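K.L.:
This is the structure, below, for whatever I ask next.
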Amino acid sequence: MSGVRVLVGTRKGAFVLTSDGSRRDWTVEGPHFGGWEIFHLTGSPADPDRLYASQSGGWFGQLIQRSDDGGRTWATVGNDFAYAGDVGEHLWYDGTPRPWEFKRIWHLEPSRDDPDTLYAGAEDAALYVSGDGGGKWTELTALRNHPSGPSWQPGAGGLCLHTIILDPVRPGRIYTAVSAAGAFRSDDAGASWLPINKGLRSGEIPDQDSEVGHCVHHITQHPSRPDTLFMQKHWDVMRSDDAGANWREVSGDLPSDFGFPIAVHAHEPETIYVVPIKSDSEHYPPEGRLRVYRSRTGGDEWEPLTDGLPQANCYVNVLRDAMAVDSLEDCGIYFGTTGGQVYHSTDSGDSWAPIVRDLPPVLSVEVQVLP
Amino acid sequence: MIRVVLPAHLKNLAHVTGEVRVAVAGPGPATQRLVLDAVEARYPMLLGTIRDRHSGKRRAFVRFYACEEDLSNSPADAPLPERVIAGDEPFIILGAMAGG
């Protein structure tokens, strides 16, 4: 029977949760890198034993860790993230120019085909690629050098490049999202970029039709329908059916259209999941009830999923990279909270149970199905 | 040999316990820069954790002490205290107390 490995990055270390294909009994290993923020922990689709971790801290900076044995042992690899060429400036929160300054890696995206190739999304926003398993990093400069770059302004969490999607069908097509610049698409492996923010509405900016300036929180894509994208924005859940060229709102009857994560079912490209939170100043579920909302119609119509989730006095948040789905026949959904719980469902979200309850605040959750 | 004390997190990263010892080559006396160069050469996983990889500047929350002196803002190329150079006292790298 195949197994499942859930990779959890937290405010104070990394944890690896494993189970067999039944997903009933779990082993919790960790913390790896205890005391360090692990912004993202992920595995190579081409080699499940190849894992990467983005390890950072205010004292000692950014490190990238690599495991070649499924997370049992780790070694530091390259952490030399430099802005190539003329560094230039972007806007600061107060609207004044500020030089680009590297702070940390928010997201690592391994290639689907090659375990040694992976992409990294940085704060301040830049996209890097490594072809040697994280040893050396090269900035794909065209994104940061887009003509709109000097007008990019950070969101509350910083000017972070947090979403990287490698299109499963079109070689060279990459989607990225930056808070709070917006979404971008490249069709030439990162050599040039197109802002894809048409149809997004952001009350926080004066020009609703602005090419950039939209606070995108997360984007997801189903591999069998790659031109359809779903987005959780600062406010609004959005959908595009033309590879991001146009977006329409599908928030429908959600109790709040504010949130961070969005995920799509492994086998049903019209089934999507979000975790609404009350507002941008109240990062917790409405009424203190933790509910995942599921749409089986690709948006607009939503149902609350509550079975097994706390329905009173719950004031946790679920961050943008902290929800994942597995590809087993009964699709598993996993999410981690800022309260340190990791919940999972093995029936597409109908019922939920905690795998572990008392971890540090969870920053990221990824899942691997093991052979 | 120069004795160097690393903070706990960097000991974990370097897979060491206790003090580390590094040899500093060169015609002149050991300096902060030469000691840190030697530490990074022997423990490359520490590259970037003590000093910025490009500017070479000390990371803001990292401090250097020796012989009950704060050397954090001393010139990188100034000779270290005699007792550090002689191996009687360690060069101490600290993660500054800050925040909660």
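As shown in the structure tokens, the chain order sets the letters A, B, ...; within each chain, residues go from 1, and ligands are also counted from 1 in the order they appear.
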Can you pull out the residues contacting Pro226 (chain A)? Cut-off 8 Å, using only C-alpha atoms, and skip same-chain residues under 3 positions away; I want them as a ChimeraX atom specification.

P.N.:
/A:167-169,221-223,229,243

K.L.:
Emit the selected residues as a short mmCIF file (atom, residue, chain, number, x, y, z; two decimals), in the first residue's frame, including all heavy atoms.

P.N.:
```cif
data_model
loop_
_atom_site.label_atom_id
_atom_site.label_comp_id
_atom_site.auth_asym_id
_atom_site.auth_seq_id
_atom_site.Cartn_x
_atom_site.Cartn_y
_atom_site.Cartn_z
N ASP A 167 3.44 25.22 -15.26
CA ASP A 167 2.33 24.65 -16.01
C ASP A 167 2.63 23.21 -16.41
O ASP A 167 3.71 22.92 -16.94
CB ASP A 167 2.05 25.50 -17.25
CG ASP A 167 0.72 25.16 -17.88
OD1 ASP A 167 0.64 24.16 -18.63
OD2 ASP A 167 -0.25 25.90 -17.61
N PRO A 168 1.69 22.29 -16.17
CA PRO A 168 1.98 20.88 -16.46
C PRO A 168 1.90 20.52 -17.94
O PRO A 168 2.34 19.44 -18.33
CB PRO A 168 0.88 20.14 -15.68
CG PRO A 168 -0.25 21.11 -15.61
CD PRO A 168 0.38 22.48 -15.55
N VAL A 169 1.34 21.39 -18.75
CA VAL A 169 1.11 21.06 -20.16
C VAL A 169 2.02 21.86 -21.09
O VAL A 169 2.57 21.32 -22.05
CB VAL A 169 -0.38 21.31 -20.51
CG1 VAL A 169 -0.61 21.15 -22.01
CG2 VAL A 169 -1.26 20.34 -19.73
N GLN A 221 -4.19 25.59 -9.43
CA GLN A 221 -4.48 25.13 -10.79
C GLN A 221 -4.67 23.61 -10.75
O GLN A 221 -3.95 22.93 -10.02
CB GLN A 221 -3.28 25.46 -11.68
CG GLN A 221 -3.33 24.95 -13.10
CD GLN A 221 -1.94 24.94 -13.72
OE1 GLN A 221 -1.01 24.36 -13.18
NE2 GLN A 221 -1.80 25.62 -14.85
N HIS A 222 -5.64 23.10 -11.50
CA HIS A 222 -5.78 21.65 -11.61
C HIS A 222 -4.98 21.17 -12.81
O HIS A 222 -5.08 21.74 -13.90
CB HIS A 222 -7.25 21.27 -11.77
CG HIS A 222 -7.48 19.81 -11.57
ND1 HIS A 222 -7.21 18.87 -12.53
CD2 HIS A 222 -7.91 19.11 -10.50
CE1 HIS A 222 -7.47 17.67 -12.07
NE2 HIS A 222 -7.90 17.78 -10.82
N PRO A 223 -4.21 20.08 -12.64
CA PRO A 223 -3.34 19.67 -13.75
C PRO A 223 -4.09 19.27 -15.02
O PRO A 223 -3.54 19.39 -16.12
CB PRO A 223 -2.56 18.48 -13.18
CG PRO A 223 -3.25 18.10 -11.92
CD PRO A 223 -3.97 19.30 -11.43
N LEU A 229 -7.63 28.84 -13.59
CA LEU A 229 -6.93 29.17 -12.36
C LEU A 229 -7.94 29.67 -11.33
O LEU A 229 -8.94 30.31 -11.69
CB LEU A 229 -5.89 30.27 -12.60
CG LEU A 229 -4.83 30.00 -13.67
CD1 LEU A 229 -4.03 31.27 -13.93
CD2 LEU A 229 -3.91 28.87 -13.23
N ALA A 243 -6.14 31.21 -18.72
CA ALA A 243 -4.73 31.31 -18.29
C ALA A 243 -4.41 32.67 -17.68
O ALA A 243 -3.30 33.18 -17.84
CB ALA A 243 -3.79 30.99 -19.44
#
```

K.L.:
Would you give me, as a VMD selection string, the residues of chain A that come within 7 Å of chain B, using only C-alpha atoms?

P.N.:
chain A and resid 59 to 61 76 80

K.L.:
Between CA of Cys314 (chain A) and CA of Pro276 (chain A), what is the spacing in Å?

P.N.:
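Result for CA of Pro276 (chain A) versus CA of Cys314 (chain A): 13.0 Å, one decimal.
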
K.L.:
List every residue of chain B that DSSP, applied to the backbone of this structure, assigns to strand (DSSP E), and report them as a PyMOL selection string.

P.N.:
chain B and resi 2-5+20-22+62-66+69-70+91-95

K.L.:
With distances taken over only C-alpha atoms, which residue among A:Gly13, A:Gly131, A:Gly70, A:Pro31 lies nearest Val369 (chain A)?

P.N.:
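Of A:Gly13, A:Gly131, A:Gly70, A:Pro31, the one nearest Val369 (chain A), counting only C-alpha atoms, is A:Gly70.
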
K.L.:
Just how far from CA of Gly3 (chain A) is CA of Ser22 (chain A), in Å to one decimal?

P.N.:
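Going from CA of Ser22 (chain A) over to CA of Gly3 (chain A) covers 8.1 Å.
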
K.L.:
For CA of Ala263 (chain A) and CA of Ala324 (chain A), determine how far apart the two atoms are, in Å to one decimal place.

P.N.:
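CA of Ala324 (chain A) lies at a distance of 6.6 Å from CA of Ala263 (chain A).
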
K.L.:
Which of region 54-157 of chain A counts as alpha helix (DSSP H) under DSSP, as a list of chain:residue names please?

P.N.:
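After running DSSP on the backbone, region 54-157 of chain A has alpha helix (DSSP H) at A:Thr141, A:Ala142, A:Leu143, A:Arg144.
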
K.L.:
Which of these residues is nearest to Pro90 (chain B), using only C-alpha atoms: B:Leu34, B:Phe64, B:Ser55, B:Pro27?

P.N.:
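Of the candidates, the smallest distance to Pro90 (chain B) is held by B:Phe64.
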
K.L.:
Name all residues at most 12 Å from Gly190 (chain A) (count only C-alpha atoms; drop same-chain ones fewer than 6 positions away) and give them as a list in words.

P.N.:
Tyr119, Ala126, Leu127, Tyr128, Val129, Thr138, Glu139, Leu140, Thr141, Ala142, Leu143, Arg144, Asn145, His146, Ile164, Ile165, Leu166, Pro171, Gly172, Arg173, Ile174, Tyr175, Thr176 and Phe184 of chain A

K.L.:
Might you pull out every residue within 7 Å of Lys136 (chain A), with only C-alpha atoms counted and same-chain residues fewer than 4 positions away left off, and present them as a ChimeraX atom specification?

P.N.:
/A:78,130,132

K.L.:
Pro110 (chain A): which residues within 8 Å, counting only C-alpha atoms, same-chain residues fewer than 5 positions away excluded, as a ChimeraX atom specification?

P.N.:
/A:42-45,115-119

K.L.:
With C-alpha atoms retained, export the selected residues as a short mmCIF file (atom, residue, chain, number, x, y, z; two decimals), in the first residue's frame.

P.N.:
```
data_model
loop_
_atom_site.label_atom_id
_atom_site.label_comp_id
_atom_site.auth_asym_id
_atom_site.auth_seq_id
_atom_site.Cartn_x
_atom_site.Cartn_y
_atom_site.Cartn_z
CA THR A 42 8.37 20.66 -0.11
CA GLY A 43 9.30 17.58 -2.11
CA SER A 44 10.28 16.85 -5.69
CA PRO A 45 7.53 15.28 -7.81
CA PRO A 115 14.78 16.75 -8.89
CA ASP A 116 17.79 19.08 -9.26
CA THR A 117 15.80 21.95 -10.76
CA LEU A 118 13.76 24.17 -8.52
CA TYR A 119 12.47 27.71 -8.35
#
```

K.L.:
Find the spatial neighbours of Tyr284 (chain A), counting only C-alpha atoms, within a cut-off of 12 Å - ignore same-chain residues fewer than 5 positions away - and output them as a PyMOL selection string.

P.N.:
chain A and resi 256+258-260+275-279+289-291+312-319+337-339

K.L.:
For the selection just defined, write its residues with N, CA and C atoms to a file, as an mmCIF file, in the first residue's frame.

P.N.:
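What landed in part-v7.cif:
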```cif
data_model
loop_
_atom_site.group_PDB
_atom_site.id
_atom_site.type_symbol
_atom_site.label_atom_id
_atom_site.label_comp_id
_atom_site.auth_asym_id
_atom_site.auth_seq_id
_atom_site.Cartn_x
_atom_site.Cartn_y
_atom_site.Cartn_z
ATOM 1 N N SER A 256 -17.358 35.232 4.139
ATOM 2 C CA SER A 256 -16.336 36.276 4.008
ATOM 3 C C SER A 256 -15.494 35.900 2.806
ATOM 4 N N PHE A 258 -12.574 37.100 2.331
ATOM 5 C CA PHE A 258 -11.174 37.307 2.707
ATOM 6 C C PHE A 258 -10.584 35.983 3.164
ATOM 7 N N GLY A 259 -9.350 35.730 2.802
ATOM 8 C CA GLY A 259 -8.687 34.508 3.236
ATOM 9 C C GLY A 259 -7.331 34.390 2.583
ATOM 10 N N PHE A 260 -6.657 33.318 2.868
ATOM 11 C CA PHE A 260 -5.312 33.127 2.313
ATOM 12 C C PHE A 260 -5.189 31.901 1.405
ATOM 13 N N VAL A 275 -10.609 28.830 3.062
ATOM 14 C CA VAL A 275 -10.862 28.972 4.504
ATOM 15 C C VAL A 275 -11.108 30.454 4.767
ATOM 16 N N PRO A 276 -12.369 30.876 4.771
ATOM 17 C CA PRO A 276 -12.643 32.307 4.966
ATOM 18 C C PRO A 276 -12.267 32.755 6.378
ATOM 19 N N ILE A 277 -11.699 33.922 6.458
ATOM 20 C CA ILE A 277 -11.508 34.556 7.766
ATOM 21 C C ILE A 277 -12.208 35.895 7.750
ATOM 22 N N LYS A 278 -12.435 36.434 8.951
ATOM 23 C CA LYS A 278 -13.428 37.498 9.080
ATOM 24 C C LYS A 278 -13.078 38.742 8.272
ATOM 25 N N SER A 279 -11.838 39.182 8.355
ATOM 26 C CA SER A 279 -11.470 40.417 7.656
ATOM 27 C C SER A 279 -9.967 40.544 7.621
ATOM 28 N N ARG A 289 -15.704 29.950 14.419
ATOM 29 C CA ARG A 289 -15.988 28.578 13.952
ATOM 30 C C ARG A 289 -15.097 28.288 12.761
ATOM 31 N N LEU A 290 -14.243 27.271 12.900
ATOM 32 C CA LEU A 290 -13.298 26.942 11.823
ATOM 33 C C LEU A 290 -14.028 26.119 10.761
ATOM 34 N N ARG A 291 -14.235 26.732 9.621
ATOM 35 C CA ARG A 291 -14.955 26.057 8.538
ATOM 36 C C ARG A 291 -14.159 26.169 7.244
ATOM 37 N N ALA A 312 -16.498 26.379 17.983
ATOM 38 C CA ALA A 312 -16.663 27.433 18.999
ATOM 39 C C ALA A 312 -15.278 27.860 19.470
ATOM 40 N N ASN A 313 -15.136 29.132 19.733
ATOM 41 C CA ASN A 313 -13.931 29.680 20.366
ATOM 42 C C ASN A 313 -12.653 29.356 19.590
ATOM 43 N N CYS A 314 -12.739 29.366 18.296
ATOM 44 C CA CYS A 314 -11.563 29.059 17.477
ATOM 45 C C CYS A 314 -11.127 30.329 16.737
ATOM 46 N N TYR A 315 -9.923 30.775 17.010
ATOM 47 C CA TYR A 315 -9.447 32.052 16.453
ATOM 48 C C TYR A 315 -8.080 31.893 15.794
ATOM 49 N N VAL A 316 -7.938 30.809 15.051
ATOM 50 C CA VAL A 316 -6.696 30.561 14.329
ATOM 51 C C VAL A 316 -6.848 31.049 12.886
ATOM 52 N N ASN A 317 -5.738 31.079 12.183
ATOM 53 C CA ASN A 317 -5.742 31.428 10.762
ATOM 54 C C ASN A 317 -5.083 30.271 9.999
ATOM 55 N N VAL A 318 -5.349 30.215 8.717
ATOM 56 C CA VAL A 318 -4.679 29.259 7.839
ATOM 57 C C VAL A 318 -3.964 30.076 6.766
ATOM 58 N N LEU A 319 -2.653 29.978 6.715
ATOM 59 C CA LEU A 319 -1.856 30.840 5.837
ATOM 60 C C LEU A 319 -1.830 30.303 4.409
ATOM 61 N N THR A 337 -2.768 25.273 10.924
ATOM 62 C CA THR A 337 -3.260 26.553 11.446
ATOM 63 C C THR A 337 -2.156 27.291 12.203
ATOM 64 N N THR A 338 -2.428 28.561 12.440
ATOM 65 C CA THR A 338 -1.502 29.329 13.272
ATOM 66 C C THR A 338 -1.582 28.904 14.732
ATOM 67 N N GLY A 339 -2.544 28.050 15.077
ATOM 68 C CA GLY A 339 -2.609 27.480 16.419
ATOM 69 C C GLY A 339 -1.829 26.177 16.539
#
```

K.L.:
Please provide as a list in words all residues within 12 Å of Arg33 (chain B), with the sequence filter that same-chain residues fewer than 5 positions apart are discarded (counting only C-alpha atoms).

P.N.:
Val24, Ala25, Gly26, Ala38, Val39, Glu40, Ile50, Arg51, Gly56, Lys57, Arg58, Phe64, Leu71, Ser72, Ser74, Pro75, Ala76, Asp77, Ala78, Pro79, Leu80 and Phe91 of chain B
